[in-house]
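A.B. asks: Structure: structure_21.cif, mmCIF, C-alpha atoms.
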data_my_file
#
loop_
_atom_site.label_atom_id
_atom_site.label_comp_id
_atom_site.auth_asym_id
_atom_site.auth_seq_id
_atom_site.Cartn_x
_atom_site.Cartn_y
_atom_site.Cartn_z
CA MET O 1 -14.26 -38.94 10.99
CA ALA O 2 -16.91 -36.71 12.59
CA GLU O 3 -14.27 -34.03 13.21
CA GLU O 4 -13.13 -34.24 9.56
CA LYS O 5 -16.75 -33.85 8.44
CA ARG O 6 -17.16 -30.83 10.73
CA VAL O 7 -13.96 -29.27 9.34
CA ARG O 8 -15.23 -29.78 5.78
CA GLN O 9 -18.59 -28.27 6.73
CA ASN O 10 -16.89 -25.34 8.47
CA GLY O 11 -14.55 -24.88 5.51
CA HIS O 12 -17.51 -24.91 3.13
CA SER O 13 -19.38 -22.50 5.35
CA GLN O 14 -16.36 -20.22 5.55
CA LYS O 15 -15.98 -20.24 1.75
CA SER O 16 -19.69 -19.43 1.36
CA GLU O 17 -19.34 -16.54 3.82
CA GLU O 18 -16.26 -15.25 1.96
CA ARG O 19 -18.11 -15.50 -1.36
CA GLN O 20 -21.10 -13.62 0.10
CA LEU O 21 -18.79 -10.97 1.57
CA PHE O 22 -17.06 -10.55 -1.80
CA GLU O 23 -20.41 -10.24 -3.55
CA VAL O 24 -21.49 -7.55 -1.07
CA ILE O 25 -18.21 -5.64 -1.35
CA MET O 26 -18.18 -5.83 -5.14
CA ASP O 27 -21.80 -4.79 -5.61
CA ILE O 28 -21.17 -2.95 -8.88
CA ARG O 29 -23.54 -3.65 -11.75
CA CYS O 30 -21.81 -5.53 -14.58
CA ARG O 31 -23.67 -5.16 -17.86
CA TYR O 32 -21.25 -7.57 -19.56
CA ARG O 33 -22.21 -10.35 -17.16
CA GLU O 34 -25.90 -9.53 -17.56
CA MET O 35 -25.71 -9.67 -21.37
CA THR O 36 -23.73 -12.92 -21.21
CA GLU O 37 -26.45 -14.56 -19.11
CA TYR O 38 -29.15 -13.20 -21.43
CA LEU O 39 -27.44 -14.58 -24.54
CA LYS O 40 -27.13 -17.99 -22.90
CA THR O 41 -30.93 -18.10 -22.62
CA LYS O 42 -31.17 -17.73 -26.42
CA PHE O 43 -29.03 -20.75 -27.42
CA SER O 44 -32.04 -22.91 -28.23
CA ARG O 45 -33.64 -20.27 -30.43
CA LEU O 46 -30.31 -19.57 -32.17
CA GLU O 47 -29.71 -23.32 -32.59
CA ILE O 48 -26.24 -23.28 -31.06
CA GLN O 49 -24.64 -25.42 -28.37
CA PRO O 50 -23.08 -23.93 -25.21
CA GLU O 51 -19.63 -25.07 -26.36
CA ASN O 52 -20.06 -22.87 -29.47
CA PHE O 53 -20.25 -19.72 -27.37
CA GLY O 54 -17.46 -17.77 -25.74
CA HIS O 55 -16.92 -14.30 -24.34
CA LYS O 56 -14.22 -12.13 -22.85
CA ILE O 57 -13.35 -8.58 -21.93
CA VAL O 58 -10.59 -7.36 -24.25
CA THR O 59 -9.96 -3.84 -22.90
CA PHE O 60 -10.76 -2.30 -19.52
CA GLU O 61 -10.14 1.13 -18.08
CA ALA O 62 -11.30 3.11 -15.09
CA GLU O 63 -12.12 6.76 -15.57
CA PRO O 64 -12.99 9.25 -12.84
CA GLY O 65 -16.62 9.51 -11.79
CA GLY O 66 -18.26 12.73 -10.75
CA LEU O 67 -17.47 12.31 -7.02
CA ASN O 68 -21.09 13.29 -6.45
CA VAL O 69 -23.46 11.50 -4.08
CA THR O 70 -26.38 9.80 -5.82
CA GLU O 71 -29.05 7.32 -4.77
CA SER O 72 -26.44 4.60 -5.43
CA GLY O 73 -23.69 6.17 -3.30
CA LEU O 74 -20.55 8.17 -4.07
CA HIS O 75 -19.96 8.04 -7.84
CA TYR O 76 -16.21 7.36 -7.71
CA ALA O 77 -15.40 5.94 -11.14
CA ASN O 78 -16.71 4.51 -14.38
CA PHE O 79 -15.48 1.20 -15.72
CA ARG O 80 -15.34 1.50 -19.51
CA TYR O 81 -14.61 -1.72 -21.34
CA ARG O 82 -14.94 -3.61 -24.60
CA SER O 83 -16.12 -7.19 -24.73
CA VAL O 84 -16.34 -9.78 -27.48
CA PHE O 85 -18.98 -12.49 -27.67
CA TYR O 86 -18.05 -15.44 -29.92
CA PHE O 87 -20.60 -17.59 -31.69
CA GLU O 88 -19.26 -20.57 -33.64
CA ARG O 89 -21.26 -22.39 -36.28
CA LEU O 90 -24.34 -20.19 -35.93
CA PRO O 91 -26.87 -21.12 -38.61
CA GLN O 92 -26.68 -18.24 -41.10
CA LYS O 93 -30.47 -17.94 -41.07
CA HIS O 94 -30.20 -16.72 -37.43
CA LEU O 95 -27.57 -14.02 -37.99
CA ALA O 96 -30.13 -11.20 -38.19
CA LEU O 97 -31.88 -12.53 -35.08
CA LEU O 98 -28.59 -12.51 -33.15
CA VAL O 99 -27.91 -8.91 -34.16
CA LEU O 100 -31.44 -7.91 -33.14
CA LEU O 101 -31.20 -9.75 -29.79
CA VAL O 102 -27.97 -7.93 -28.91
CA GLN O 103 -29.37 -4.54 -29.94
CA ASN O 104 -32.67 -5.17 -28.15
CA TRP O 105 -30.91 -6.08 -24.89
CA LEU O 106 -28.81 -2.92 -25.12
CA ASP O 107 -31.89 -0.78 -25.82
CA ARG O 108 -33.81 -2.28 -22.90
CA PHE O 109 -31.17 -2.74 -20.21
CA ASP O 110 -28.09 -0.59 -20.86
CA ASP O 111 -29.11 2.69 -19.28
CA THR O 112 -25.63 4.27 -19.56
CA ARG O 113 -25.12 3.71 -23.28
CA ARG O 114 -26.57 6.90 -24.77
CA GLU O 115 -25.13 9.32 -22.20
CA ALA O 116 -21.69 7.68 -22.40
CA LYS O 117 -21.83 7.80 -26.23
CA LEU O 118 -20.67 4.20 -26.53
CA ASP O 119 -20.04 2.75 -29.97
CA ARG O 120 -22.72 0.65 -31.59
CA PRO O 121 -22.07 -3.10 -31.44
CA LYS O 122 -20.00 -4.44 -34.32
CA PHE O 123 -20.37 -7.90 -35.83
CA GLU O 124 -17.55 -9.63 -37.66
CA VAL O 125 -18.92 -12.54 -39.69
CA ILE O 126 -17.04 -15.42 -41.33
CA SER O 127 -19.03 -17.62 -43.68
CA LEU O 128 -18.69 -21.42 -43.33
CA ASP O 129 -20.07 -24.46 -45.16
CA ASP O 130 -21.04 -22.62 -48.35
CA GLY O 131 -22.84 -19.99 -46.28
CA THR O 132 -25.12 -22.25 -44.23
CA HIS O 133 -23.26 -21.43 -41.00
CA VAL O 134 -21.25 -18.46 -39.79
CA ASN O 135 -18.81 -17.63 -37.05
CA VAL O 136 -19.66 -14.31 -35.45
CA ASP O 137 -17.62 -12.05 -33.19
CA ALA O 138 -19.90 -9.44 -31.61
CA THR O 139 -17.93 -6.54 -30.12
CA VAL O 140 -19.85 -4.54 -27.52
CA ASP O 141 -18.68 -1.60 -25.42
CA PHE O 142 -19.98 -1.11 -21.89
CA LEU O 143 -19.72 1.47 -19.14
CA ASP O 144 -20.46 0.52 -15.53
CA PRO O 145 -20.53 3.33 -12.94
CA ALA O 146 -18.81 2.41 -9.67
CA HIS O 147 -20.62 3.79 -6.64
CA LEU O 148 -19.07 3.51 -3.18
CA VAL O 149 -20.54 3.49 0.30
CA GLU O 150 -18.81 4.89 3.36
CA THR O 151 -17.93 1.82 5.42
CA PRO O 152 -15.77 1.46 8.55
CA GLY O 153 -12.78 -0.66 7.50
CA GLY O 154 -13.53 -0.04 3.81
CA GLN O 155 -10.85 -0.89 1.27
CA LEU O 156 -10.75 2.55 -0.40
CA VAL O 157 -9.85 5.83 1.33
CA ILE O 158 -11.31 8.95 -0.27
CA PHE O 159 -11.14 12.38 1.35
CA GLY O 160 -9.99 10.67 4.57
CA LYS O 161 -13.04 8.37 4.76
CA GLU O 162 -13.18 4.59 4.17
CA TYR O 163 -15.41 3.26 1.37
CA ASP O 164 -16.44 -0.03 -0.26
CA ALA O 165 -18.79 -0.83 -3.11
CA GLY O 166 -22.24 -1.75 -1.89
CA THR O 167 -25.78 -0.62 -1.31
CA TYR O 168 -26.46 2.88 -0.10
CA ASP O 169 -29.31 4.54 1.76
CA LEU O 170 -29.84 8.09 0.57
CA LEU O 171 -32.07 10.11 2.86
CA ILE O 172 -34.04 12.80 1.08
CA ALA O 173 -35.91 15.19 3.32
CA GLU O 174 -39.10 16.78 2.12
CA THR O 175 -39.16 19.37 4.91
CA LEU O 176 -36.61 21.15 7.08
CA GLU O 177 -38.20 19.49 10.13
CA GLU O 178 -37.15 16.09 8.77
CA ILE O 179 -33.55 17.30 8.50
CA ASP O 180 -33.63 18.63 12.06
CA GLU O 181 -35.10 15.33 13.28
CA HIS O 182 -32.42 13.24 11.53
CA VAL O 183 -29.58 15.43 12.84
CA ALA O 184 -30.98 15.26 16.38
CA ASN O 185 -31.65 11.49 16.25
CA PRO O 186 -29.36 9.84 13.66
CA ALA O 187 -30.12 6.18 12.98
#
Translate this structure into structure tokens?
C.D. replies:
Amino acid sequence: MAEEKRVRQNGHSQKSEERQLFEVIMDIRCRYREMTEYLKTKFSRLEIQPENFGHKIVTFEAEPGGLNVTESGLHYANFRYRSVFYFERLPQKHLALLVLLVQNWLDRFDDTRREAKLDRPKFEVISLDDGTHVNVDATVDFLDPAHLVETPGGQLVIFGKEYDAGTYDLLIAETLEEIDEHVANPA
């Protein structure tokens, strides 16, 4: 029994470590996930139940990045995708609020939107119950840049070097002496 408990604990620990490793490797910002979590915090104000909300990514493509090194790492690709957020039986009186919440989140937190020239969100509305409730499909386009970090054993090989997604330390020298010091004594 004690051995079985230890195996379960070790199995749980191993799964937690694998999950943490995956989260570190796949450290690419996902605006879709961020907006989903934000909208969930607004259910009470919108007077909808969690079961009346759904979401999915309907198209997804990877396009080349600039292959330039930024503060976030090597800009390898951009993930461009379209998502749909479903709201069932939303009180019609909250339709304008929903539209404003979506637009406000995009204005505040989607820093790639303007440069990527993404389409404005679109809202398809179906009236229910003589107009007192509506079903709404909100279609939102996103673009998430994928930055990679040179990592021994990385999953991606680019220009003969191994990379993974993750955090990146970019050293910016303010003087030539700092460059000389770093080259002489790399960390």
A.B. asks: Go through O:Val134, O:Leu39, O:Ala165, O:Val149 one by one, measure the shortest atom-to-atom distance of each to His94 in chain O using only C-alpha atoms, and give the residue with the smallest value.
C.D. replies: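 Between O:Val134, O:Leu39, O:Ala165, O:Val149, the residue approaching His94 in chain O most closely is O:Val134.
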A.B. asks: Which residues come within 8 Å of Asp144 in chain O, counting all atoms listed in the file, excluding same-chain residues fewer than 3 positions away, as a list in words?
C.D. replies: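 Once the nearby chain positions are removed, what remains is Ile28, Arg29, Cys30, Arg31, Asn78, Phe79, Arg80 and Thr112 of chain O.
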A.B. asks: Of the candidates O:Ile48, O:Tyr81, O:Leu148, O:Phe109, which shows the shortest atom-to-atom distance to Glu34 in chain O, using all atoms listed in the file?
C.D. replies: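 Between O:Ile48, O:Tyr81, O:Leu148, O:Phe109, the residue approaching Glu34 in chain O most closely is O:Phe109.
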A.B. asks: Given the file shown, enumerate the residues that the PyMOL selection byres ((chain O and resi 53) around 7) captures and present them as a PyMOL selection string.
C.D. replies: chain O and resi 50-52+54+86-88
A.B. asks: Would you mind telling me which residue in O:Ile57, O:Val140, O:Leu46, O:Leu156 lies nearest to Arg120 in chain O when using only C-alpha atoms?
C.D. replies: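 Result for the nearest residue to Arg120 in chain O: O:Val140.
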A.B. asks: Counting only C-alpha atoms, which residue out of O:Thr70, O:Gln92, O:Thr59, O:Thr36 sits closest to Leu128 in chain O?
C.D. replies: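 Nearest to Leu128 in chain O: O:Gln92.
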A.B. asks: To one decimal place in Å, what is the distance between CA of Glu124 in chain O and CA of Ala138 in chain O?
C.D. replies: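 Spanning CA of Glu124 in chain O to CA of Ala138 in chain O is a straight-line distance of 6.5 Å.
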A.B. asks: Given the PyMOL selection byres ((chain O and resi 76) around 9) and the file above, list the residues it selects as a list in words.
C.D. replies: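 Going through the file, the PyMOL selection byres ((chain O and resi 76) around 9) ends up selecting Glu63, Pro64, Gly65, Gly66, Leu67, Asn68, Gly73, Leu74, His75, Ala77, Asn78, Pro145, Ala146, His147 and Leu148 of chain O.
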A.B. asks: Can you work out the spacing between CA of Thr139 in chain O and CA of Val58 in chain O in Å, to one decimal?
C.D. replies: 9.4 Å
A.B. asks: Between O:Asp164, O:Asp130, O:Asp119, O:Asp110, which is the closest to Arg33 in chain O once you count only C-alpha atoms?
C.D. replies: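 That would be O:Asp110, the residue with the smallest distance to Arg33 in chain O.
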A.B. asks: Rounded to one decimal place, report the CA of His133 in chain O-CA of Leu90 in chain O distance in Å.
C.D. replies: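 Taking CA of His133 in chain O and CA of Leu90 in chain O, their separation equals 5.3 Å.
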A.B. asks: Rank nothing, just name the residue among O:Phe142, O:Phe85, O:Trp105, O:Tyr38 nearest to Ala62 in chain O, using all atoms listed in the file.
C.D. replies: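 Distance minimum relative to Ala62 in chain O lands on O:Phe142.
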A.B. asks: Could you work out an axis-aligned box for range 130-136 of chain O, taking every atom the file lists and adding 5 Å on each side, and report centre and edge lengths in Å to one decimal, as JSON?
C.D. replies:
{"center_x": -22.0, "center_y": -18.5, "center_z": -41.9, "size_x": 16.3, "size_y": 18.3, "size_z": 22.9}
